[in-house]
>>> print(open('run.pdb').read())   # PDB, C-alpha atoms
ATOM      1  CA  MET A   1      83.845  86.532  25.352
ATOM      2  CA  THR A   2      81.037  88.116  27.353
ATOM      3  CA  LEU A   3      80.269  86.770  30.794
ATOM      4  CA  THR A   4      76.864  85.339  31.603
ATOM      5  CA  THR A   5      74.599  86.847  34.276
ATOM      6  CA  ASP A   6      75.399  83.904  36.572
ATOM      7  CA  GLN A   7      79.130  84.510  36.166
ATOM      8  CA  LEU A   8      78.695  88.209  36.932
ATOM      9  CA  ARG A   9      76.680  87.255  40.006
ATOM     10  CA  ALA A  10      79.470  84.863  41.028
ATOM     11  CA  ILE A  11      81.973  87.758  40.883
ATOM     12  CA  ASP A  12      79.656  89.912  42.988
ATOM     13  CA  ARG A  13      79.223  87.087  45.520
ATOM     14  CA  HIS A  14      82.981  86.526  45.551
ATOM     15  CA  LEU A  15      83.609  90.175  46.483
ATOM     16  CA  ARG A  16      80.762  90.624  48.963
ATOM     17  CA  LYS A  17      80.280  87.270  50.650
ATOM     18  CA  ASP A  18      83.580  85.457  50.259
ATOM     19  CA  ASN A  19      85.768  88.508  50.815
ATOM     20  CA  TRP A  20      83.554  90.656  53.028
ATOM     21  CA  LEU A  21      83.787  93.873  51.004
ATOM     22  CA  LEU A  22      81.168  96.499  51.851
ATOM     23  CA  ASN A  23      81.907  99.627  49.875
ATOM     24  CA  GLU A  24      79.581  99.772  46.851
ATOM     25  CA  ASP A  25      81.827 102.014  44.757
ATOM     26  CA  LEU A  26      84.874  99.822  45.322
ATOM     27  CA  ILE A  27      82.878  96.638  44.674
ATOM     28  CA  ALA A  28      81.591  98.064  41.366
ATOM     29  CA  GLU A  29      85.092  99.071  40.289
ATOM     30  CA  LEU A  30      86.640  95.725  41.221
ATOM     31  CA  ALA A  31      83.766  93.738  39.695
ATOM     32  CA  ASP A  32      84.462  95.442  36.362
ATOM     33  CA  HIS A  33      88.163  94.622  36.688
ATOM     34  CA  TYR A  34      87.434  90.963  37.547
ATOM     35  CA  ALA A  35      84.989  90.711  34.625
ATOM     36  CA  ASN A  36      87.478  92.151  32.120
ATOM     37  CA  ALA A  37      90.337  89.986  33.346
ATOM     38  CA  ILE A  38      88.192  86.826  33.434
ATOM     39  CA  GLU A  39      86.900  87.483  29.908
ATOM     40  CA  GLU A  40      90.467  87.735  28.656
ATOM     41  CA  ARG A  41      91.539  84.512  30.386
ATOM     42  CA  MET A  42      88.457  82.628  29.244
ATOM     43  CA  ALA A  43      89.253  83.653  25.674
ATOM     44  CA  ASN A  44      92.532  81.759  26.228
ATOM     45  CA  ASP A  45      90.604  78.651  27.343
ATOM     46  CA  ILE A  46      91.100  79.120  31.069
ATOM     47  CA  PRO A  47      87.967  78.042  32.993
ATOM     48  CA  PHE A  48      85.988  80.688  34.887
ATOM     49  CA  ASP A  49      86.805  79.377  38.391
ATOM     50  CA  LEU A  50      90.540  79.188  37.726
ATOM     51  CA  ALA A  51      90.533  82.671  36.194
ATOM     52  CA  LEU A  52      88.690  84.057  39.217
ATOM     53  CA  LEU A  53      91.201  82.465  41.570
ATOM     54  CA  ASP A  54      94.117  83.825  39.566
ATOM     55  CA  ILE A  55      92.814  87.402  39.673
ATOM     56  CA  HIS A  56      91.993  87.048  43.343
ATOM     57  CA  LYS A  57      95.665  86.235  43.952
ATOM     58  CA  GLY A  58      96.654  89.396  42.083
ATOM     59  CA  PHE A  59      94.697  91.403  44.635
ATOM     60  CA  GLY A  60      96.593  89.697  47.475
ATOM     61  CA  GLY A  61      93.687  87.439  48.469
ATOM     62  CA  ARG A  62      91.093  88.426  51.046
ATOM     63  CA  LYS A  63      93.698  90.164  53.164
ATOM     64  CA  GLY A  64      94.731  92.320  50.214
ATOM     65  CA  LEU A  65      91.145  93.189  49.325
ATOM     66  CA  LEU A  66      90.261  94.156  52.897
ATOM     67  CA  LYS A  67      93.394  96.272  53.186
ATOM     68  CA  MET A  68      92.462  97.937  49.887
ATOM     69  CA  GLU A  69      89.019  98.783  51.247
ATOM     70  CA  GLU A  70      90.521 100.198  54.436
ATOM     71  CA  ASP A  71      92.901 102.380  52.408
ATOM     72  CA  TYR A  72      90.001 103.395  50.178
ATOM     73  CA  TYR A  73      88.153 104.851  53.167
ATOM     74  CA  THR A  74      91.282 106.666  54.339
ATOM     75  CA  ASN A  75      91.896 108.132  50.897
ATOM     76  CA  GLN A  76      88.254 109.141  50.575
ATOM     77  CA  SER A  77      88.401 111.009  53.868
ATOM     78  CA  ARG A  78      91.554 112.808  52.749
ATOM     79  CA  GLY A  79      89.827 113.679  49.501
ATOM     80  CA  TYR A  80      86.778 115.056  51.345
ATOM     81  CA  PHE A  81      88.886 117.228  53.590
ATOM     82  CA  ARG A  82      90.869 118.579  50.637
ATOM     83  CA  HIS A  83      87.632 119.328  48.787
ATOM     84  CA  PHE A  84      86.080 120.933  51.849
ATOM     85  CA  LYS A  85      89.076 123.246  52.204
ATOM     86  CA  SER A  86      88.935 124.164  48.528
ATOM     87  CA  ILE A  87      85.161 124.875  48.652
ATOM     88  CA  LEU A  88      85.583 126.957  51.815
ATOM     89  CA  GLY A  89      88.480 128.799  50.202
ATOM     90  CA  SER A  90      86.362 129.583  47.145
ATOM     91  CA  TYR A  91      84.163 131.816  49.337
ATOM     92  CA  PHE A  92      87.205 134.039  49.828
ATOM     93  CA  ARG A  93      87.996 134.278  46.109
ATOM     94  CA  PHE A  94      86.092 135.829  43.226
ATOM     95  CA  PRO A  95      83.378 135.287  42.102
ATOM     96  CA  ARG A  96      82.071 133.861  45.403
ATOM     97  CA  LEU A  97      83.823 136.531  47.445
ATOM     98  CA  SER A  98      81.092 138.953  46.348
ATOM     99  CA  LEU A  99      78.479 136.646  47.912
ATOM    100  CA  THR A 100      80.510 136.397  51.143
ATOM    101  CA  VAL A 101      80.836 140.174  51.336
ATOM    102  CA  PHE A 102      77.134 140.655  50.536
ATOM    103  CA  VAL A 103      76.023 138.134  53.189
ATOM    104  CA  ALA A 104      78.443 139.585  55.757
ATOM    105  CA  ILE A 105      77.105 143.127  55.174
ATOM    106  CA  ALA A 106      73.519 141.808  55.359
ATOM    107  CA  PHE A 107      74.279 140.027  58.627
ATOM    108  CA  TYR A 108      76.028 143.100  60.020
ATOM    109  CA  LEU A 109      73.107 145.392  59.148
ATOM    110  CA  LEU A 110      70.621 142.935  60.625
ATOM    111  CA  ASN A 111      72.734 142.613  63.761
ATOM    112  CA  THR A 112      72.979 146.404  64.188
ATOM    113  CA  THR A 113      69.289 147.011  63.416
ATOM    114  CA  TYR A 114      68.053 144.146  65.561
ATOM    115  CA  PRO A 115      70.510 143.544  68.393
ATOM    116  CA  LEU A 116      68.711 140.292  69.143
ATOM    117  CA  PHE A 117      68.967 139.065  65.543
ATOM    118  CA  LEU A 118      71.160 136.188  66.694
ATOM    119  CA  LYS A 119      68.281 134.970  68.828
ATOM    120  CA  SER A 120      65.759 135.457  66.029
ATOM    121  CA  ILE A 121      63.570 132.455  65.387
ATOM    122  CA  TYR A 122      63.749 133.168  61.625
ATOM    123  CA  LEU A 123      67.531 133.022  61.548
ATOM    124  CA  GLY A 124      67.336 129.864  63.655
ATOM    125  CA  GLY A 125      64.944 128.408  61.086
ATOM    126  CA  VAL A 126      67.269 129.142  58.174
ATOM    127  CA  PHE A 127      70.257 127.577  59.930
ATOM    128  CA  LEU A 128      68.167 124.619  61.004
ATOM    129  CA  VAL A 129      67.109 123.909  57.411
ATOM    130  CA  ILE A 130      70.712 124.132  56.133
ATOM    131  CA  LEU A 131      72.002 121.972  58.974
ATOM    132  CA  LEU A 132      69.259 119.388  58.597
ATOM    133  CA  MET A 133      69.895 119.149  54.867
ATOM    134  CA  SER A 134      73.600 118.590  55.414
ATOM    135  CA  TYR A 135      72.810 116.043  58.140
ATOM    136  CA  VAL A 136      70.355 114.129  55.982
ATOM    137  CA  LEU A 137      73.000 113.905  53.251
ATOM    138  CA  ALA A 138      75.720 113.058  55.773
ATOM    139  CA  PHE A 139      73.715 110.272  57.380
ATOM    140  CA  ARG A 140      72.802 108.887  53.980
ATOM    141  CA  GLN A 141      76.503 108.697  53.249
ATOM    142  CA  LEU A 142      77.334 107.172  56.628
ATOM    143  CA  ALA A 143      74.634 104.532  56.263
ATOM    144  CA  TYR A 144      75.858 103.817  52.755
ATOM    145  CA  TRP A 145      79.516 103.470  53.569
ATOM    146  CA  HIS A 146      79.026 101.784  56.938
ATOM    147  CA  LYS A 147      82.228 103.305  58.189
ATOM    148  CA  SER A 148      83.470 106.824  58.418
ATOM    149  CA  GLY A 149      86.960 108.193  58.025
ATOM    150  CA  VAL A 150      88.714 110.486  60.444
ATOM    151  CA  GLY A 151      88.200 113.486  58.167
ATOM    152  CA  ARG A 152      84.460 113.067  57.899
ATOM    153  CA  MET A 153      84.125 112.342  61.610
ATOM    154  CA  ALA A 154      86.021 115.545  62.327
ATOM    155  CA  LEU A 155      83.765 117.461  59.939
ATOM    156  CA  GLN A 156      80.671 116.089  61.564
ATOM    157  CA  GLY A 157      82.132 116.644  65.016
ATOM    158  CA  VAL A 158      82.738 120.327  64.329
ATOM    159  CA  ASN A 159      79.316 120.597  62.725
ATOM    160  CA  SER A 160      77.682 119.101  65.816
ATOM    161  CA  ALA A 161      79.675 121.414  68.080
ATOM    162  CA  LEU A 162      78.543 124.441  66.067
ATOM    163  CA  PHE A 163      74.977 123.150  66.056
ATOM    164  CA  ILE A 164      74.939 122.690  69.829
ATOM    165  CA  GLY A 165      76.778 125.975  70.314
ATOM    166  CA  TYR A 166      74.331 127.918  68.197
ATOM    167  CA  TYR A 167      71.221 126.478  69.736
ATOM    168  CA  SER A 168      72.456 126.732  73.289
ATOM    169  CA  GLN A 169      73.202 130.436  72.734
ATOM    170  CA  LEU A 170      69.543 130.841  71.739
ATOM    171  CA  PHE A 171      68.851 130.212  75.391
ATOM    172  CA  LEU A 172      71.476 132.678  76.595
ATOM    173  CA  PRO A 173      70.097 135.677  78.480
ATOM    174  CA  GLU A 174      69.056 138.508  76.135
ATOM    175  CA  LYS A 175      71.149 140.972  78.106
ATOM    176  CA  LEU A 176      74.293 139.035  77.316
ATOM    177  CA  ILE A 177      73.474 138.882  73.577
ATOM    178  CA  GLN A 178      72.779 142.611  73.522
ATOM    179  CA  GLY A 179      76.209 143.138  75.021
ATOM    180  CA  PHE A 180      77.891 141.443  72.037
ATOM    181  CA  HIS A 181      79.418 143.748  69.461
ATOM    182  CA  PRO A 182      77.624 143.476  66.045
ATOM    183  CA  VAL A 183      80.945 142.490  64.461
ATOM    184  CA  PHE A 184      81.182 139.516  66.813
ATOM    185  CA  THR A 185      77.609 138.370  66.148
ATOM    186  CA  THR A 186      78.157 138.825  62.396
ATOM    187  CA  LEU A 187      81.270 136.667  62.682
ATOM    188  CA  ILE A 188      79.277 133.920  64.392
ATOM    189  CA  CYS A 189      76.657 134.066  61.631
ATOM    190  CA  MET A 190      79.330 133.976  58.923
ATOM    191  CA  VAL A 191      81.073 130.938  60.456
ATOM    192  CA  PHE A 192      77.753 129.093  60.349
ATOM    193  CA  PHE A 193      76.902 130.269  56.887
ATOM    194  CA  LEU A 194      80.256 129.388  55.292
ATOM    195  CA  TYR A 195      80.702 126.120  57.164
ATOM    196  CA  ASP A 196      77.272 124.816  56.306
ATOM    197  CA  MET A 197      77.254 125.987  52.712
ATOM    198  CA  SER A 198      80.610 124.240  52.174
ATOM    199  CA  THR A 199      79.495 121.029  53.911
ATOM    200  CA  LEU A 200      76.301 120.983  51.900
ATOM    201  CA  GLU A 201      78.124 121.469  48.602
ATOM    202  CA  LEU A 202      80.637 118.764  49.505
ATOM    203  CA  PHE A 203      78.003 116.159  50.267
ATOM    204  CA  MET A 204      75.944 117.054  47.217
ATOM    205  CA  LYS A 205      79.019 116.701  45.040
ATOM    206  CA  TYR A 206      79.845 113.238  46.390
ATOM    207  CA  THR A 207      76.240 112.059  46.280
ATOM    208  CA  LYS A 208      76.207 112.941  42.581
ATOM    209  CA  LYS A 209      79.521 111.150  41.994
ATOM    210  CA  ARG A 210      78.289 107.832  43.384
ATOM    211  CA  ILE A 211      78.179 104.913  41.023
ATOM    212  CA  LYS A 212      74.585 104.039  40.322
ATOM    213  CA  THR A 213      74.127 100.290  40.393
ATOM    214  CA  ALA A 214      70.748  99.028  39.326
TER     215      ALA A 214
ATOM    216  CA  MET B   1     107.341  89.984  45.109
ATOM    217  CA  SER B   2     110.008  89.997  42.399
ATOM    218  CA  ASN B   3     112.684  92.711  42.355
ATOM    219  CA  ASN B   4     111.185  93.993  39.142
ATOM    220  CA  GLN B   5     107.841  94.531  40.813
ATOM    221  CA  GLN B   6     109.391  96.187  43.850
ATOM    222  CA  LEU B   7     111.059  98.722  41.571
ATOM    223  CA  LEU B   8     107.815  99.168  39.677
ATOM    224  CA  LYS B   9     105.815  99.809  42.837
ATOM    225  CA  GLY B  10     108.008 102.757  43.740
ATOM    226  CA  SER B  11     107.355 104.465  40.434
ATOM    227  CA  LEU B  12     103.760 103.366  39.954
ATOM    228  CA  SER B  13     102.207 106.786  40.453
ATOM    229  CA  VAL B  14     104.525 108.266  37.804
ATOM    230  CA  ILE B  15     103.614 105.489  35.372
ATOM    231  CA  ILE B  16      99.903 106.143  35.921
ATOM    232  CA  LEU B  17     100.333 109.892  35.470
ATOM    233  CA  LYS B  18     102.402 109.368  32.317
ATOM    234  CA  LEU B  19      99.854 106.998  30.769
ATOM    235  CA  LEU B  20      97.008 109.369  31.540
ATOM    236  CA  GLU B  21      98.929 112.213  30.035
ATOM    237  CA  GLU B  22      99.117 110.300  26.775
ATOM    238  CA  GLN B  23      95.573 108.984  26.866
ATOM    239  CA  GLU B  24      92.799 111.255  28.102
ATOM    240  CA  ARG B  25      91.036 108.687  30.294
ATOM    241  CA  MET B  26      91.643 105.081  31.299
ATOM    242  CA  TYR B  27      90.152 102.483  33.613
ATOM    243  CA  GLY B  28      92.064 100.229  35.977
ATOM    244  CA  TYR B  29      92.200  97.090  33.873
ATOM    245  CA  GLU B  30      93.165  99.105  30.804
ATOM    246  CA  ILE B  31      96.185 100.509  32.677
ATOM    247  CA  THR B  32      97.443  97.043  33.629
ATOM    248  CA  GLN B  33      97.092  95.889  30.008
ATOM    249  CA  LYS B  34      98.777  98.989  28.629
ATOM    250  CA  VAL B  35     101.820  98.528  30.902
ATOM    251  CA  LYS B  36     102.035  94.876  29.893
ATOM    252  CA  ALA B  37     101.809  95.776  26.196
ATOM    253  CA  LEU B  38     104.322  98.635  26.358
ATOM    254  CA  THR B  39     106.910  96.485  28.136
ATOM    255  CA  ALA B  40     106.188  93.427  25.965
ATOM    256  CA  GLY B  41     105.052  91.533  29.044
ATOM    257  CA  GLU B  42     108.299  92.192  30.943
ATOM    258  CA  MET B  43     106.481  94.225  33.573
ATOM    259  CA  SER B  44     103.039  93.797  34.976
ATOM    260  CA  ILE B  45     101.237  95.838  37.602
ATOM    261  CA  THR B  46      99.481  93.811  40.248
ATOM    262  CA  GLU B  47      95.910  94.786  41.007
ATOM    263  CA  GLY B  48      96.783  94.998  44.682
ATOM    264  CA  ALA B  49      99.194  97.853  43.935
ATOM    265  CA  LEU B  50      97.355  99.608  41.114
ATOM    266  CA  TYR B  51      94.043 100.446  42.778
ATOM    267  CA  PRO B  52      95.452 101.883  46.031
ATOM    268  CA  ALA B  53      97.759 104.050  43.880
ATOM    269  CA  LEU B  54      94.815 105.269  41.775
ATOM    270  CA  HIS B  55      92.710 106.007  44.866
ATOM    271  CA  LYS B  56      95.601 107.872  46.474
ATOM    272  CA  LEU B  57      96.156 110.026  43.397
ATOM    273  CA  GLU B  58      92.431 110.759  43.311
ATOM    274  CA  ALA B  59      92.475 111.788  46.971
ATOM    275  CA  GLU B  60      95.431 114.070  46.272
ATOM    276  CA  GLY B  61      93.313 115.793  43.636
ATOM    277  CA  LEU B  62      95.566 114.728  40.761
ATOM    278  CA  LEU B  63      92.995 112.429  39.194
ATOM    279  CA  THR B  64      89.304 112.790  38.675
ATOM    280  CA  THR B  65      86.828 110.016  37.932
ATOM    281  CA  GLU B  66      83.717 109.524  35.902
ATOM    282  CA  THR B  67      81.587 106.415  35.798
ATOM    283  CA  GLN B  68      80.030 105.082  32.668
ATOM    284  CA  VAL B  69      77.936 101.978  32.148
ATOM    285  CA  VAL B  70      79.674  99.702  29.639
ATOM    286  CA  GLU B  71      78.263  96.269  28.740
ATOM    287  CA  GLY B  72      75.881  96.593  31.670
ATOM    288  CA  ARG B  73      78.717  97.187  34.127
ATOM    289  CA  ALA B  74      79.726 100.392  35.872
ATOM    290  CA  ARG B  75      83.184 101.354  34.642
ATOM    291  CA  LYS B  76      85.236 103.950  36.472
ATOM    292  CA  TYR B  77      87.424 106.064  34.209
ATOM    293  CA  TYR B  78      90.334 108.075  35.575
ATOM    294  CA  SER B  79      91.665 111.231  33.998
ATOM    295  CA  LEU B  80      94.153 113.926  34.997
ATOM    296  CA  THR B  81      92.985 117.105  36.703
ATOM    297  CA  LYS B  82      94.635 120.443  35.992
ATOM    298  CA  ASP B  83      96.900 119.890  39.020
ATOM    299  CA  GLY B  84      97.469 116.338  37.802
ATOM    300  CA  HIS B  85      98.887 117.593  34.504
ATOM    301  CA  THR B  86     101.340 119.888  36.284
ATOM    302  CA  GLU B  87     102.312 117.202  38.783
ATOM    303  CA  ALA B  88     102.749 114.637  35.988
ATOM    304  CA  VAL B  89     105.315 116.825  34.225
ATOM    305  CA  SER B  90     107.238 117.435  37.446
ATOM    306  CA  ARG B  91     107.173 113.801  38.651
ATOM    307  CA  ILE B  92     108.189 112.448  35.233
ATOM    308  CA  SER B  93     111.174 114.776  35.047
ATOM    309  CA  GLU B  94     112.121 113.917  38.661
ATOM    310  CA  LEU B  95     112.051 110.205  37.923
ATOM    311  CA  GLY B  96     113.951 110.784  34.692
ATOM    312  CA  ALA B  97     116.701 112.637  36.542
ATOM    313  CA  MET B  98     116.857 109.929  39.173
ATOM    314  CA  LEU B  99     117.134 107.181  36.547
ATOM    315  CA  GLU B 100     119.905 109.112  34.815
ATOM    316  CA  ASN B 101     121.846 109.366  38.066
ATOM    317  CA  LEU B 102     121.199 105.726  38.828
ATOM    318  CA  GLN B 103     122.501 104.767  35.408
ATOM    319  CA  ARG B 104     125.620 106.874  35.975
ATOM    320  CA  LEU B 105     126.193 105.086  39.278
ATOM    321  CA  LEU B 106     125.653 101.644  37.819
ATOM    322  CA  ASN B 107     127.803 102.270  34.771
ATOM    323  CA  ARG B 108     130.856 103.485  36.635
ATOM    324  CA  GLY B 109     132.171  99.884  37.122
ATOM    325  CA  LEU B 110     135.259 100.516  34.960
ATOM    326  CA  ASP B 111     135.876 103.941  36.410
ATOM    327  CA  PRO B 112     136.137 103.497  40.198
ATOM    328  CA  LEU B 113     135.482 106.519  42.402
ATOM    329  CA  LYS B 114     138.468 108.333  43.771
ATOM    330  CA  PRO B 115     138.803 107.846  47.518
ATOM    331  CA  ALA B 116     137.689 110.858  49.567
ATOM    332  CA  ILE B 117     140.544 112.778  51.121
TER     333      ILE B 117
END
>>> encode(input="run.pdb", output="structure tokens")
Amino acid sequence: MTLTTDQLRAIDRHLRKDNWLLNEDLIAELADHYANAIEERMANDIPFDLALLDIHKGFGGRKGLLKMEEDYYTNQSRGYFRHFKSILGSYFRFPRLSLTVFVAIAFYLLNTTYPLFLKSIYLGGVFLVILLMSYVLAFRQLAYWHKSGVGRMALQGVNSALFIGYYSQLFLPEKLIQGFHPVFTTLICMVFFLYDMSTLELFMKYTKKRIKTA
Amino acid sequence: MSNNQQLLKGSLSVIILKLLEEQERMYGYEITQKVKALTAGEMSITEGALYPALHKLEAEGLLTTETQVVEGRARKYYSLTKDGHTEAVSRISELGAMLENLQRLLNRGLDPLKPAI
């Protein structure tokens, strides 16, 4: 027995309005579960409202659903952090290791040729674009999920610290920058490069994974 | 919560991994129905326990998900990752060994343990 549009809307209302769920992915997953379970019960002559109530009990009522959503956020954050570590790690393994080595050599050569490379407006521009892209994606996610887990907050916190750190050093006296060893400045560039490339990939991956609800 | 369900909750992740090892991909409701069918209705997984377990396994990188629109609804399918396959084998054998030991303990009614000296 297939549910009518009104019945599907009633399930959606039940999850969002009656039980205060906010996470779109979780709502979509649970709505499908409710619909399947209600269809089965209705095929056994159980009315829609009773079936809905019965399934709701299985989820532990509103308290159970809200706890599930809370755990969902926690698990998502853990998942992000695990993914972030694995993406970052991939830059130290083949085939990406070649890119890391290539970029590091390029940064080193630029830093030795132009001692003020770190203060270069062009380098600043490149980092700014990468950072802004990751921020746009991050804020889209934050606005979408309403809440943020500890893992993502930590990621964004470190990102902000690096952002502030990098741009404040742009205003450091040139003499001080010239005093830095090229290896040190290359290291700074590499931290930015790897951190932002990994963050960007992570957010792009999760944006793609989102359930599209029309 | 019945005793049966308490026992089930402890081994839920193993059950999920085992089912996904047998069937390439499954969605939440399908898992609950499969458990019910395999145990002839003797055991049933509550929704309140199943989804947190699935989300946890996904966060641990043992499961991966893909969403497909079925009958106009978004359906989330779970399947094992490469790590998930390895972990499934190890967790199933761990649980098997534990059940064997448990059975040995429970069946020793007629053969009381010797007192420790």
>>> closest_atom_pairs(input="run.pdb", of="chain B", to="chain A", cutoff="12 Å", atoms="only C-alpha atoms", output="tab-separated table")
residue	atom	partner	partner_atom	distance
B:Met1	CA	A:Gly60	CA	11.0
B:Tyr27	CA	A:His33	CA	8.7
B:Gly28	CA	A:His33	CA	6.9
B:Tyr29	CA	A:His33	CA	5.5
B:Glu30	CA	A:His33	CA	8.9
B:Ile31	CA	A:His33	CA	10.7
B:Thr32	CA	A:Ala37	CA	10.0
B:Gln33	CA	A:Ala37	CA	9.6
B:Ser44	CA	A:Gly58	CA	10.5
B:Ile45	CA	A:Gly58	CA	9.1
B:Thr46	CA	A:Gly58	CA	5.6
B:Glu47	CA	A:Phe59	CA	5.1
B:Gly48	CA	A:Phe59	CA	4.2
B:Ala49	CA	A:Phe59	CA	7.9
B:Leu50	CA	A:Phe59	CA	9.3
B:Tyr51	CA	A:Met68	CA	7.7
B:Pro52	CA	A:Met68	CA	6.3
B:Ala53	CA	A:Asp71	CA	10.0
B:Leu54	CA	A:Tyr72	CA	9.9
B:His55	CA	A:Asn75	CA	6.4
B:Lys56	CA	A:Asn75	CA	5.8
B:Leu57	CA	A:Asn75	CA	8.8
B:Glu58	CA	A:Gly79	CA	7.3
B:Ala59	CA	A:Gly79	CA	4.1
B:Glu60	CA	A:Gly79	CA	6.5
B:Gly61	CA	A:Gly79	CA	7.1
B:Leu62	CA	A:Gly79	CA	10.5
B:Leu63	CA	A:Gly79	CA	10.9
B:Thr64	CA	A:Lys209	CA	10.5
B:Thr65	CA	A:Lys209	CA	8.4
B:Glu66	CA	A:Lys209	CA	7.6
B:Thr67	CA	A:Ile211	CA	6.4
B:Gln68	CA	A:Ile211	CA	8.6
B:Val69	CA	A:Lys212	CA	9.1
B:Val70	CA	A:Asp32	CA	9.3
B:Glu71	CA	A:Thr2	CA	8.7
B:Gly72	CA	A:Ala214	CA	9.5
B:Arg73	CA	A:Asp32	CA	6.4
B:Ala74	CA	A:Ala28	CA	6.3
B:Arg75	CA	A:Asp32	CA	6.3
B:Lys76	CA	A:Glu29	CA	6.2
B:Tyr77	CA	A:Glu29	CA	9.6
B:Tyr78	CA	A:Glu29	CA	11.4
>>> residues_around(input="run.pdb", residues="region 92-108 of chain B", least_positions_apart="5", cutoff="10 Å", atoms="all atoms listed in the file", output="PyMOL selection string")
chain B and resi 11+13-15+17-18+87+113
>>> atom_distance(input="run.pdb", atom1="CA of Phe192 (chain A)", atom2="CA of Lys85 (chain A)")
15.1 Å
>>> atom_distance(input="run.pdb", atom1="CA of Glu21 (chain B)", atom2="CA of Ala88 (chain B)")
7.5 Å
>>> atom_distance(input="run.pdb", atom1="CA of Leu66 (chain A)", atom2="CA of Gln7 (chain A)")
22.3 Å
>>> residues_around(input="run.pdb", residues="Tyr91 (chain A)", least_positions_apart="3", cutoff="10 Å", atoms="all atoms listed in the file", output="VMD selection string")
chain A and resid 86 to 88 94 to 101 194 197 to 198
>>> axis_aligned_box(input="run.pdb", around="region 53-59 of chain B", padding_each_side="5 Å", output="JSON")
{"center_x": 95.1, "center_y": 107.9, "center_z": 44.4, "size_x": 15.3, "size_y": 17.7, "size_z": 15.2}
